[in-house]
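Coordinates as given in upload07.cif (mmCIF, C-alpha atoms):
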data_data
#
loop_
_atom_site.group_PDB
_atom_site.id
_atom_site.type_symbol
_atom_site.label_atom_id
_atom_site.label_comp_id
_atom_site.auth_asym_id
_atom_site.auth_seq_id
_atom_site.Cartn_x
_atom_site.Cartn_y
_atom_site.Cartn_z
ATOM 1 C CA MET A 22 -1.262 -7.497 -23.191
ATOM 2 C CA THR A 23 -4.394 -5.868 -24.516
ATOM 3 C CA PHE A 24 -6.580 -3.798 -22.243
ATOM 4 C CA ALA A 25 -10.157 -2.676 -22.750
ATOM 5 C CA VAL A 26 -10.496 0.885 -21.524
ATOM 6 C CA GLU A 27 -13.637 2.954 -21.177
ATOM 7 C CA VAL A 28 -13.385 6.740 -21.409
ATOM 8 C CA VAL A 29 -16.192 9.131 -20.582
ATOM 9 C CA VAL A 30 -16.088 12.687 -21.937
ATOM 10 C CA VAL A 31 -18.508 15.276 -20.561
ATOM 11 C CA LEU A 32 -18.876 19.027 -20.864
ATOM 12 C CA LYS A 33 -17.336 20.917 -17.951
ATOM 13 C CA PRO A 34 -19.903 21.900 -15.322
ATOM 14 C CA VAL A 35 -19.642 25.583 -16.282
ATOM 15 C CA VAL A 36 -20.449 24.892 -19.955
ATOM 16 C CA ASN A 37 -24.131 25.091 -20.813
ATOM 17 C CA ASP A 38 -25.440 21.790 -22.203
ATOM 18 C CA PRO A 39 -28.588 22.515 -24.260
ATOM 19 C CA GLN A 40 -28.824 18.851 -25.241
ATOM 20 C CA GLY A 41 -28.931 17.825 -21.602
ATOM 21 C CA LEU A 42 -31.622 20.417 -20.871
ATOM 22 C CA VAL A 43 -33.810 19.049 -23.668
ATOM 23 C CA VAL A 44 -33.391 15.488 -22.416
ATOM 24 C CA ARG A 45 -34.210 16.606 -18.871
ATOM 25 C CA ASP A 46 -37.373 18.367 -20.051
ATOM 26 C CA GLY A 47 -38.340 15.285 -22.050
ATOM 27 C CA LEU A 48 -37.975 13.113 -18.970
ATOM 28 C CA HIS A 49 -40.151 15.539 -17.017
ATOM 29 C CA ARG A 50 -42.844 15.235 -19.681
ATOM 30 C CA LEU A 51 -42.626 11.463 -19.562
ATOM 31 C CA GLY A 52 -43.427 11.503 -15.865
ATOM 32 C CA PHE A 53 -40.035 11.651 -14.198
ATOM 33 C CA PRO A 54 -40.346 14.961 -12.350
ATOM 34 C CA GLY A 55 -37.513 14.061 -10.010
ATOM 35 C CA VAL A 56 -34.815 14.481 -12.681
ATOM 36 C CA ARG A 57 -32.914 17.568 -11.607
ATOM 37 C CA SER A 58 -30.138 17.546 -14.169
ATOM 38 C CA VAL A 59 -28.957 15.718 -17.276
ATOM 39 C CA ARG A 60 -25.565 16.161 -18.899
ATOM 40 C CA VAL A 61 -24.967 14.465 -22.246
ATOM 41 C CA GLY A 62 -21.468 13.188 -22.912
ATOM 42 C CA LYS A 63 -19.546 10.652 -24.968
ATOM 43 C CA HIS A 64 -18.547 7.115 -24.159
ATOM 44 C CA LEU A 65 -15.466 5.735 -25.899
ATOM 45 C CA GLU A 66 -14.260 2.118 -25.814
ATOM 46 C CA LEU A 67 -10.580 1.649 -26.555
ATOM 47 C CA GLU A 68 -8.481 -1.486 -26.940
ATOM 48 C CA VAL A 69 -4.928 -0.601 -26.049
ATOM 49 C CA GLU A 70 -1.686 -2.597 -26.046
ATOM 50 C CA GLY A 71 0.442 -2.118 -22.957
ATOM 51 C CA ASP A 72 2.627 -3.788 -20.322
ATOM 52 C CA ASP A 73 0.380 -3.189 -17.343
ATOM 53 C CA GLU A 74 -2.654 -1.238 -16.233
ATOM 54 C CA ALA A 75 -0.698 1.729 -14.921
ATOM 55 C CA GLU A 76 1.102 2.205 -18.221
ATOM 56 C CA VAL A 77 -2.127 1.906 -20.196
ATOM 57 C CA ARG A 78 -3.871 4.411 -17.928
ATOM 58 C CA ALA A 79 -1.023 6.867 -18.436
ATOM 59 C CA GLN A 80 -1.291 6.407 -22.216
ATOM 60 C CA VAL A 81 -5.043 6.997 -22.189
ATOM 61 C CA GLU A 82 -4.680 10.070 -19.955
ATOM 62 C CA ALA A 83 -2.305 11.509 -22.552
ATOM 63 C CA MET A 84 -4.778 10.657 -25.328
ATOM 64 C CA CYS A 85 -7.500 12.524 -23.458
ATOM 65 C CA GLU A 86 -5.323 15.629 -23.193
ATOM 66 C CA GLN A 87 -4.288 15.565 -26.839
ATOM 67 C CA LEU A 88 -7.403 14.502 -28.684
ATOM 68 C CA LEU A 89 -10.236 12.715 -26.910
ATOM 69 C CA ARG A 90 -11.415 15.788 -25.042
ATOM 70 C CA ASN A 91 -11.369 19.469 -25.948
ATOM 71 C CA THR A 92 -9.575 20.782 -22.889
ATOM 72 C CA VAL A 93 -11.341 24.138 -23.197
ATOM 73 C CA ILE A 94 -14.845 22.783 -22.676
ATOM 74 C CA GLU A 95 -14.669 19.107 -21.722
ATOM 75 C CA ASP A 96 -13.587 16.920 -18.810
ATOM 76 C CA SER A 97 -12.808 13.249 -19.159
ATOM 77 C CA ARG A 98 -12.433 10.298 -16.871
ATOM 78 C CA ILE A 99 -11.285 6.755 -17.359
ATOM 79 C CA GLY A 100 -13.988 4.244 -16.503
ATOM 80 C CA SER A 101 -13.332 0.530 -16.270
ATOM 81 C CA VAL A 102 -10.028 -0.969 -17.358
ATOM 82 C CA SER A 103 -9.881 -4.723 -17.961
ATOM 83 C CA THR A 104 -7.630 -7.173 -19.755
ATOM 84 C CA LEU A 105 -8.793 -8.897 -22.905
ATOM 85 C CA SER A 106 -8.053 -12.622 -23.154
ATOM 86 C CA GLY A 107 -6.666 -13.954 -26.428
ATOM 87 C CA LYS A 108 -5.022 -12.033 -29.204
ATOM 88 C CA ALA A 109 -7.748 -12.015 -31.810
ATOM 89 C CA LEU A 110 -10.287 -9.326 -31.171
ATOM 90 C CA MET B 6 -2.871 38.459 -54.820
ATOM 91 C CA LYS B 7 -3.237 34.766 -54.192
ATOM 92 C CA PHE B 8 -5.725 33.145 -51.806
ATOM 93 C CA GLY B 9 -5.048 29.516 -50.892
ATOM 94 C CA ILE B 10 -8.212 27.555 -50.138
ATOM 95 C CA ALA B 11 -7.906 24.425 -48.016
ATOM 96 C CA VAL B 12 -9.816 21.342 -49.112
ATOM 97 C CA PHE B 13 -10.410 18.629 -46.522
ATOM 98 C CA PRO B 14 -12.650 15.623 -47.087
ATOM 99 C CA GLY B 15 -16.072 17.034 -46.251
ATOM 100 C CA THR B 16 -15.247 20.683 -46.965
ATOM 101 C CA TRP B 17 -18.203 22.205 -48.794
ATOM 102 C CA SER B 18 -17.553 25.934 -49.177
ATOM 103 C CA ASP B 19 -14.247 25.702 -51.039
ATOM 104 C CA ARG B 20 -15.805 26.374 -54.468
ATOM 105 C CA ASP B 21 -17.892 29.229 -53.089
ATOM 106 C CA CYS B 22 -14.724 30.805 -51.671
ATOM 107 C CA LYS B 23 -12.959 30.353 -55.013
ATOM 108 C CA HIS B 24 -15.909 32.041 -56.746
ATOM 109 C CA ALA B 25 -15.805 34.998 -54.344
ATOM 110 C CA VAL B 26 -12.029 35.373 -54.636
ATOM 111 C CA GLU B 27 -12.221 35.359 -58.431
ATOM 112 C CA LEU B 28 -15.138 37.796 -58.437
ATOM 113 C CA ALA B 29 -12.944 40.112 -56.400
ATOM 114 C CA GLY B 30 -10.332 39.815 -59.145
ATOM 115 C CA HIS B 31 -7.804 37.673 -57.328
ATOM 116 C CA GLU B 32 -6.225 34.286 -57.849
ATOM 117 C CA ALA B 33 -7.462 31.217 -55.967
ATOM 118 C CA VAL B 34 -5.450 28.029 -55.536
ATOM 119 C CA MET B 35 -6.877 24.919 -53.927
ATOM 120 C CA LEU B 36 -4.759 23.356 -51.159
ATOM 121 C CA TRP B 37 -5.298 19.609 -50.705
ATOM 122 C CA HIS B 38 -5.291 18.440 -47.089
ATOM 123 C CA LYS B 39 -2.606 15.803 -47.715
ATOM 124 C CA ASP B 40 -0.182 18.320 -49.212
ATOM 125 C CA ARG B 41 2.095 20.613 -47.284
ATOM 126 C CA ASP B 42 2.634 23.135 -50.072
ATOM 127 C CA LEU B 43 0.784 26.412 -49.613
ATOM 128 C CA LYS B 44 1.639 27.274 -53.260
ATOM 129 C CA GLY B 45 2.764 30.788 -52.447
ATOM 130 C CA SER B 46 -0.553 31.844 -50.922
ATOM 131 C CA ASP B 47 -0.721 35.339 -49.436
ATOM 132 C CA CYS B 48 -3.714 34.331 -47.348
ATOM 133 C CA VAL B 49 -4.959 30.848 -46.503
ATOM 134 C CA ILE B 50 -8.704 30.295 -46.173
ATOM 135 C CA LEU B 51 -10.006 27.352 -44.150
ATOM 136 C CA PRO B 52 -13.521 27.160 -45.586
ATOM 137 C CA GLY B 53 -16.762 25.862 -44.173
ATOM 138 C CA GLY B 54 -18.058 22.330 -44.261
ATOM 139 C CA PHE B 55 -17.785 19.171 -42.251
ATOM 140 C CA SER B 56 -14.124 18.215 -42.462
ATOM 141 C CA TYR B 57 -13.692 14.519 -41.716
ATOM 142 C CA GLY B 58 -17.413 14.290 -41.040
ATOM 143 C CA ASP B 59 -17.041 16.364 -37.850
ATOM 144 C CA TYR B 60 -16.016 13.074 -36.216
ATOM 145 C CA LEU B 61 -15.292 13.330 -32.480
ATOM 146 C CA ARG B 62 -15.746 17.128 -32.544
ATOM 147 C CA ALA B 63 -16.035 19.667 -35.351
ATOM 148 C CA GLY B 64 -12.492 20.476 -36.481
ATOM 149 C CA ALA B 65 -10.816 17.988 -34.138
ATOM 150 C CA VAL B 66 -9.448 15.713 -36.854
ATOM 151 C CA ALA B 67 -8.580 18.349 -39.462
ATOM 152 C CA ARG B 68 -5.906 19.790 -37.240
ATOM 153 C CA PHE B 69 -3.784 16.658 -37.819
ATOM 154 C CA ALA B 70 -3.835 17.037 -41.597
ATOM 155 C CA PRO B 71 -0.381 17.544 -43.165
ATOM 156 C CA LEU B 72 -1.680 20.810 -44.641
ATOM 157 C CA MET B 73 -2.435 22.126 -41.151
ATOM 158 C CA GLU B 74 1.226 21.758 -40.151
ATOM 159 C CA SER B 75 2.105 24.209 -42.915
ATOM 160 C CA VAL B 76 -0.823 26.463 -42.057
ATOM 161 C CA THR B 77 0.256 26.584 -38.401
ATOM 162 C CA GLU B 78 3.832 27.456 -39.404
ATOM 163 C CA PHE B 79 2.517 30.066 -41.827
ATOM 164 C CA ALA B 80 0.353 31.635 -39.097
ATOM 165 C CA SER B 81 3.237 31.607 -36.615
ATOM 166 C CA ALA B 82 5.325 33.514 -39.147
ATOM 167 C CA GLY B 83 2.618 36.170 -39.409
ATOM 168 C CA GLY B 84 0.849 34.806 -42.513
ATOM 169 C CA LEU B 85 -2.839 35.611 -42.931
ATOM 170 C CA VAL B 86 -5.134 32.699 -42.042
ATOM 171 C CA TRP B 87 -8.897 33.046 -42.341
ATOM 172 C CA GLY B 88 -11.138 30.396 -40.854
ATOM 173 C CA ILE B 89 -14.780 30.480 -41.914
ATOM 174 C CA CYS B 90 -17.361 28.344 -40.085
ATOM 175 C CA ASN B 91 -15.735 24.893 -39.942
ATOM 176 C CA GLY B 92 -12.445 26.743 -40.453
ATOM 177 C CA PHE B 93 -13.098 28.694 -37.242
ATOM 178 C CA GLN B 94 -13.786 25.412 -35.444
ATOM 179 C CA ILE B 95 -10.503 24.001 -36.795
ATOM 180 C CA LEU B 96 -8.544 27.083 -35.661
ATOM 181 C CA CYS B 97 -9.928 26.712 -32.133
ATOM 182 C CA GLU B 98 -9.156 22.991 -32.044
ATOM 183 C CA ALA B 99 -5.638 23.758 -33.288
ATOM 184 C CA HIS B 100 -5.292 26.368 -30.504
ATOM 185 C CA LEU B 101 -4.534 29.082 -33.036
ATOM 186 C CA LEU B 102 -7.548 30.878 -31.538
ATOM 187 C CA PRO B 103 -8.834 30.653 -27.950
ATOM 188 C CA GLY B 104 -12.181 29.204 -26.894
ATOM 189 C CA ALA B 105 -14.390 26.608 -28.540
ATOM 190 C CA LEU B 106 -17.513 26.298 -30.676
ATOM 191 C CA THR B 107 -20.298 24.130 -29.316
ATOM 192 C CA ARG B 108 -23.826 23.047 -30.242
ATOM 193 C CA ASN B 109 -26.187 25.948 -30.968
ATOM 194 C CA SER B 110 -28.269 26.626 -27.894
ATOM 195 C CA SER B 111 -31.397 26.035 -30.028
ATOM 196 C CA LEU B 112 -29.989 22.593 -30.959
ATOM 197 C CA GLU B 113 -31.007 23.513 -34.504
ATOM 198 C CA PHE B 114 -28.879 23.938 -37.586
ATOM 199 C CA ARG B 115 -29.270 27.616 -38.497
ATOM 200 C CA CYS B 116 -29.017 28.796 -42.088
ATOM 201 C CA ALA B 117 -30.113 32.420 -42.238
ATOM 202 C CA PRO B 118 -28.937 35.959 -42.944
ATOM 203 C CA THR B 119 -27.302 37.617 -39.948
ATOM 204 C CA TRP B 120 -26.071 41.129 -39.307
ATOM 205 C CA LEU B 121 -22.556 41.596 -38.019
ATOM 206 C CA ARG B 122 -21.174 44.717 -36.455
ATOM 207 C CA VAL B 123 -17.510 45.293 -37.195
ATOM 208 C CA GLU B 124 -15.962 45.770 -33.773
ATOM 209 C CA THR B 125 -12.383 46.446 -34.753
ATOM 210 C CA GLY B 126 -10.559 47.465 -37.888
ATOM 211 C CA ASP B 127 -7.007 46.855 -36.736
ATOM 212 C CA ASN B 128 -6.467 43.710 -38.780
ATOM 213 C CA ALA B 129 -6.106 42.884 -42.451
ATOM 214 C CA PHE B 130 -9.567 41.342 -42.667
ATOM 215 C CA THR B 131 -11.694 44.249 -41.475
ATOM 216 C CA ALA B 132 -9.387 47.214 -42.127
ATOM 217 C CA GLY B 133 -11.490 48.060 -45.167
ATOM 218 C CA CYS B 134 -14.624 48.412 -43.038
ATOM 219 C CA ALA B 135 -15.533 51.220 -40.721
ATOM 220 C CA ARG B 136 -15.747 50.303 -37.054
ATOM 221 C CA GLY B 137 -19.401 49.981 -36.166
ATOM 222 C CA GLU B 138 -20.362 49.179 -39.750
ATOM 223 C CA VAL B 139 -23.055 46.522 -40.080
ATOM 224 C CA LEU B 140 -22.541 43.760 -42.649
ATOM 225 C CA GLN B 141 -25.215 41.347 -43.804
ATOM 226 C CA ILE B 142 -23.575 37.931 -44.017
ATOM 227 C CA PRO B 143 -25.359 34.582 -43.571
ATOM 228 C CA VAL B 144 -24.617 31.826 -41.081
ATOM 229 C CA SER B 145 -25.014 28.137 -41.800
ATOM 230 C CA HIS B 146 -24.046 25.945 -38.880
ATOM 231 C CA GLY B 147 -25.159 23.645 -36.100
ATOM 232 C CA GLU B 148 -22.186 24.214 -33.824
ATOM 233 C CA GLY B 149 -21.394 27.895 -33.675
ATOM 234 C CA ARG B 150 -21.961 28.861 -30.071
ATOM 235 C CA TYR B 151 -18.717 30.521 -29.058
ATOM 236 C CA VAL B 152 -17.699 29.679 -25.500
ATOM 237 C CA ALA B 153 -14.643 30.586 -23.447
ATOM 238 C CA ASP B 154 -13.933 31.139 -19.770
ATOM 239 C CA GLU B 155 -14.437 34.593 -18.253
ATOM 240 C CA GLU B 156 -10.719 35.286 -18.246
ATOM 241 C CA THR B 157 -10.464 34.630 -21.985
ATOM 242 C CA LEU B 158 -13.573 36.687 -22.747
ATOM 243 C CA ASP B 159 -12.185 39.590 -20.710
ATOM 244 C CA MET B 160 -8.901 39.338 -22.581
ATOM 245 C CA LEU B 161 -10.651 39.330 -25.982
ATOM 246 C CA GLU B 162 -12.674 42.398 -25.059
ATOM 247 C CA ARG B 163 -9.757 44.233 -23.460
ATOM 248 C CA GLU B 164 -7.468 43.611 -26.426
ATOM 249 C CA GLN B 165 -10.257 44.420 -28.894
ATOM 250 C CA ARG B 166 -9.976 41.021 -30.498
ATOM 251 C CA VAL B 167 -13.693 40.547 -31.095
ATOM 252 C CA ALA B 168 -13.875 41.169 -34.840
ATOM 253 C CA PHE B 169 -17.642 40.772 -35.277
ATOM 254 C CA ARG B 170 -20.670 40.653 -33.023
ATOM 255 C CA TYR B 171 -24.184 39.550 -33.998
ATOM 256 C CA VAL B 172 -26.507 42.548 -33.958
ATOM 257 C CA ARG B 173 -29.930 43.558 -35.214
ATOM 258 C CA ARG B 174 -30.246 44.861 -38.757
ATOM 259 C CA ASP B 175 -30.021 48.447 -37.476
ATOM 260 C CA GLY B 176 -26.815 47.701 -35.614
ATOM 261 C CA SER B 177 -28.324 47.588 -32.157
ATOM 262 C CA VAL B 178 -27.120 44.924 -29.780
ATOM 263 C CA VAL B 179 -29.705 42.800 -28.041
ATOM 264 C CA GLU B 180 -27.660 40.629 -25.751
ATOM 265 C CA GLY B 181 -28.304 36.978 -26.391
ATOM 266 C CA ASP B 182 -30.092 37.611 -29.692
ATOM 267 C CA THR B 183 -27.796 35.429 -31.768
ATOM 268 C CA PRO B 184 -28.334 32.477 -34.086
ATOM 269 C CA ASN B 185 -26.384 30.196 -31.765
ATOM 270 C CA GLY B 186 -26.180 31.512 -28.202
ATOM 271 C CA SER B 187 -22.562 32.718 -28.445
ATOM 272 C CA MET B 188 -21.080 34.313 -25.356
ATOM 273 C CA HIS B 189 -20.786 38.093 -25.692
ATOM 274 C CA ASP B 190 -22.672 37.697 -29.020
ATOM 275 C CA ILE B 191 -19.339 36.840 -30.619
ATOM 276 C CA ALA B 192 -19.376 35.989 -34.332
ATOM 277 C CA GLY B 193 -15.641 36.266 -35.009
ATOM 278 C CA ILE B 194 -12.325 36.827 -33.239
ATOM 279 C CA VAL B 195 -8.698 37.429 -34.142
ATOM 280 C CA ASN B 196 -5.536 36.098 -32.526
ATOM 281 C CA GLU B 197 -3.108 38.202 -30.535
ATOM 282 C CA ARG B 198 -1.052 39.134 -33.613
ATOM 283 C CA ARG B 199 -4.239 39.817 -35.565
ATOM 284 C CA ASN B 200 -3.149 37.754 -38.552
ATOM 285 C CA VAL B 201 -5.591 34.901 -37.852
ATOM 286 C CA LEU B 202 -9.357 35.461 -38.060
ATOM 287 C CA GLY B 203 -12.046 32.949 -37.222
ATOM 288 C CA MET B 204 -15.696 33.711 -37.988
ATOM 289 C CA MET B 205 -18.840 31.585 -38.139
ATOM 290 C CA PRO B 206 -20.738 33.552 -40.830
ATOM 291 C CA HIS B 207 -19.932 32.957 -44.517
ATOM 292 C CA PRO B 208 -18.676 36.101 -46.322
ATOM 293 C CA GLU B 209 -18.276 34.072 -49.532
ATOM 294 C CA ARG B 210 -22.040 33.586 -49.552
ATOM 295 C CA ALA B 211 -22.579 37.351 -49.522
ATOM 296 C CA CYS B 212 -20.496 38.206 -52.554
ATOM 297 C CA GLU B 213 -22.995 39.379 -55.187
ATOM 298 C CA PRO B 214 -26.474 40.942 -55.307
ATOM 299 C CA LEU B 215 -27.978 37.674 -56.538
ATOM 300 C CA LEU B 216 -27.220 36.215 -53.110
ATOM 301 C CA GLY B 217 -28.994 39.010 -51.279
ATOM 302 C CA SER B 218 -25.867 40.788 -50.110
ATOM 303 C CA SER B 219 -22.435 41.758 -51.379
ATOM 304 C CA ASP B 220 -21.145 42.808 -47.972
ATOM 305 C CA GLY B 221 -18.793 39.825 -47.702
ATOM 306 C CA MET B 222 -16.733 41.210 -50.558
ATOM 307 C CA GLN B 223 -15.503 43.997 -48.307
ATOM 308 C CA LEU B 224 -13.501 41.442 -46.352
ATOM 309 C CA PHE B 225 -11.888 39.920 -49.457
ATOM 310 C CA SER B 226 -11.004 43.405 -50.728
ATOM 311 C CA SER B 227 -9.668 44.375 -47.340
ATOM 312 C CA VAL B 228 -7.278 41.406 -47.256
ATOM 313 C CA ALA B 229 -6.098 42.159 -50.782
ATOM 314 C CA LYS B 230 -5.469 45.773 -49.899
ATOM 315 C CA ALA B 231 -3.487 44.777 -46.817
ATOM 316 C CA VAL B 232 -1.354 42.343 -48.800
ATOM 317 C CA SER B 233 -0.672 44.776 -51.629
ATOM 318 C CA GLY B 234 0.374 47.380 -49.075
ATOM 319 C CA ASN B 235 3.754 45.622 -48.817
ATOM 320 C CA GLY B 236 2.697 43.760 -45.724
ATOM 321 C CA VAL B 237 2.177 46.968 -43.781
ATOM 322 C CA MET B 238 -0.987 46.642 -41.738
ATOM 323 C CA PRO B 239 -3.408 49.369 -42.743
ATOM 324 C CA VAL B 240 -4.450 51.815 -40.079
ATOM 325 C CA ALA B 241 -7.853 51.039 -38.631
ATOM 326 C CA ALA B 242 -10.703 52.950 -40.148
ATOM 327 C CA VAL B 243 -12.653 54.492 -37.312
ATOM 328 C CA SER B 244 -16.103 55.862 -37.863
#
Can the structure from this file be put into structure tokens for me?
Amino acid sequence: MTFAVEVVVVLKPVVNDPQGLVVRDGLHRLGFPGVRSVRVGKHLELEVEGDDEAEVRAQVEAMCEQLLRNTVIEDSRIGSVSTLSGKAL
Amino acid sequence: MKFGIAVFPGTWSDRDCKHAVELAGHEAVMLWHKDRDLKGSDCVILPGGFSYGDYLRAGAVARFAPLMESVTEFASAGGLVWGICNGFQILCEAHLLPGALTRNSSLEFRCAPTWLRVETGDNAFTAGCARGEVLQIPVSHGEGRYVADEETLDMLEREQRVAFRYVRRDGSVVEGDTPNGSMHDIAGIVNERRNVLGMMPHPERACEPLLGSSDGMQLFSSVAKAVSGNGVMPVAAVS
């Protein structure tokens, strides 16, 4: 079965995010003074072969540890996991 | 002596490194990323550039190159490995050096002369410099802000593994006055065994008066001296 998996990678809370600060300031200038914080991260969409959701999640967790995130500065979380119908993608 | 210079797709300072090595009177061999042969190199340079387009993160993909397997083995056996700019990023991604290099706090790509204070001379790369000596060597990067957790920073300071710190031209430290926002003003560090150096500035671009500075040549000469000394690490020069 093929699963569609979303992965979100963000800088750890202790790591300064200058990009996020610039976006926050931009939003303030555009008239959104209520924005207290912005953190910019990455969104990855994977299509992964696997037997079931649990196995696919375990695979993706391992991928996060080994490549998708830099464990020194980034956290990651798995977003939605869904099955893809049909074989051709 | 022989310097091996790694060439990944997207590497851009390989020829500059070759030029500097040859100016210093040594042999340079290019090491293709798909090969595993280090061709008898005494020191392997991972030069600057954008290996694999900096996809995912700077240096993240290069660490899977066949060449990097040999480089990692070489480093583990005590071989000299010198990461410059993108090479420093690769060494951190490969966990041969602690910490990480992130977007410059200015969010700007910085290409400018910088002044580095040599913080330690107990390694092959800086043994030829006096501790406290100030070298003019340029930076050229968008992701050079060195970050690490407090524990790691304490360890680097305690073990005197900060090789270079960004300073003013006169050698004075103004905390936070760096081209990139690096923690502890760090421009370069060595590993525990002191045979692996990572630095963001480009010594190969400070190798002759035409370039505004020849200070980078001191590092190439220092490595050569260490290698010719039958592998015995020279005693640190203390000013």
Run through the PyMOL selection byres ((chain A) within 9 of (chain B)) on the given coordinates and return the selected residues as a PDB file with C-alpha atoms, in the coordinates of the input.
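selection-v4.pdb written:
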ATOM      1  CA  VAL A  35     -19.642  25.583 -16.282  1.00  0.00           C
ATOM      2  CA  VAL A  36     -20.449  24.892 -19.955  1.00  0.00           C
ATOM      3  CA  ASN A  37     -24.131  25.091 -20.813  1.00  0.00           C
ATOM      4  CA  ASP A  38     -25.440  21.790 -22.203  1.00  0.00           C
ATOM      5  CA  PRO A  39     -28.588  22.515 -24.260  1.00  0.00           C
ATOM      6  CA  GLN A  40     -28.824  18.851 -25.241  1.00  0.00           C
ATOM      7  CA  VAL A  43     -33.810  19.049 -23.668  1.00  0.00           C
ATOM      8  CA  LEU A  88      -7.403  14.502 -28.684  1.00  0.00           C
ATOM      9  CA  LEU A  89     -10.236  12.715 -26.910  1.00  0.00           C
ATOM     10  CA  ARG A  90     -11.415  15.788 -25.042  1.00  0.00           C
ATOM     11  CA  ASN A  91     -11.369  19.469 -25.948  1.00  0.00           C
ATOM     12  CA  VAL A  93     -11.341  24.138 -23.197  1.00  0.00           C
ATOM     13  CA  ILE A  94     -14.845  22.783 -22.676  1.00  0.00           C
TER      14      ILE A  94
END
Considering all atoms listed in the file, return as JSON, numbers by chain whatever protein or nucleic-acid residues lie within 9 Å of Thr183 of chain B, sequence-local ones (same chain, fewer than 6 positions apart) excluded. {"B": [119, 150, 170, 171, 172, 190, 191, 192]}
With the PyMOL selection byres ((chain B and resi 83-87) around 7) as the selection, what would be picked from this file? Answer as a list of chain:residue names, please.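 When the PyMOL selection byres ((chain B and resi 83-87) around 7) is applied to the shown file, the picked residues are B:Asp47, B:Cys48, B:Val49, B:Ile50, B:Leu51, B:Phe79, B:Ala80, B:Ser81, B:Ala82, B:Gly88, B:Ile89, B:Asn200, B:Val201, B:Leu202, B:Gly203.
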Computed gap from atom CA of Glu213 of chain B to atom CA of His31 of chain B is 15.4 Å
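Residues in contact range of Leu72 of chain B, defined as at most 9 Å between all atoms listed in the file, with sequence neighbours fewer than 5 positions away removed, read Ala11, Leu36, Trp37, His38, Lys39, Asp40, Arg41, Asp42, Leu43, Ala67 and Thr77 of chain B.
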Output file for the selection above: C-alpha atoms, as a PDB file, keeping the file's coordinate frame:
ATOM      1  CA  ALA B  11      -7.906  24.425 -48.016  1.00  0.00           C
ATOM      2  CA  LEU B  36      -4.759  23.356 -51.159  1.00  0.00           C
ATOM      3  CA  TRP B  37      -5.298  19.609 -50.705  1.00  0.00           C
ATOM      4  CA  HIS B  38      -5.291  18.440 -47.089  1.00  0.00           C
ATOM      5  CA  LYS B  39      -2.606  15.803 -47.715  1.00  0.00           C
ATOM      6  CA  ASP B  40      -0.182  18.320 -49.212  1.00  0.00           C
ATOM      7  CA  ARG B  41       2.095  20.613 -47.284  1.00  0.00           C
ATOM      8  CA  ASP B  42       2.634  23.135 -50.072  1.00  0.00           C
ATOM      9  CA  LEU B  43       0.784  26.412 -49.613  1.00  0.00           C
ATOM     10  CA  ALA B  67      -8.580  18.349 -39.462  1.00  0.00           C
ATOM     11  CA  THR B  77       0.256  26.584 -38.401  1.00  0.00           C
TER      12      THR B  77
END
Identify all residues satisfying the PyMOL selection byres ((chain A and resi 67) around 12) in the given file; provide them as a PyMOL selection string. chain A and resi 23-29+64-66+68-70+77-78+80-81+84-85+89+99-105+110
May I ask for the distance between atom CA of Arg122 of chain B and atom CA of Tyr151 of chain B, given in Å to one decimal place?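 Separating atom CA of Arg122 of chain B from atom CA of Tyr151 of chain B is a distance of 16.2 Å.
Look at everything within 9 Å of (-18.1, 17.4, -45.6) using only C-alpha atoms, and the residues you get are Phe13, Pro14, Gly15, Thr16, Trp17, Gly53, Gly54, Phe55, Ser56, Tyr57, Gly58 and Asp59 of chain B.
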Coordinates-based distance that separates atom CA of Gly176 of chain B from atom CA of Met222 of chain B (Å, one decimal): 19.2 Å
Mind listing as a PyMOL selection string all residues within 7 Å of (-25.5, 48.4, -35.1), counting all atoms listed in the file? chain B and resi 122+137-139+172-178
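Of the listed residues (A:Leu51, A:Val30, A:Val59, A:Val44), A:Val30 comes nearest to Glu86 of chain A; the distances count only C-alpha atoms.
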Show me, as a ChimeraX atom specification, the residues that have an atom within 12 Å of segment 229-233 of chain B when counting all atoms listed in the file, minus same-chain residues fewer than 2 positions from it. /B:6-8,26-27,29-32,46-48,83-85,126-134,200,222-227,235-241
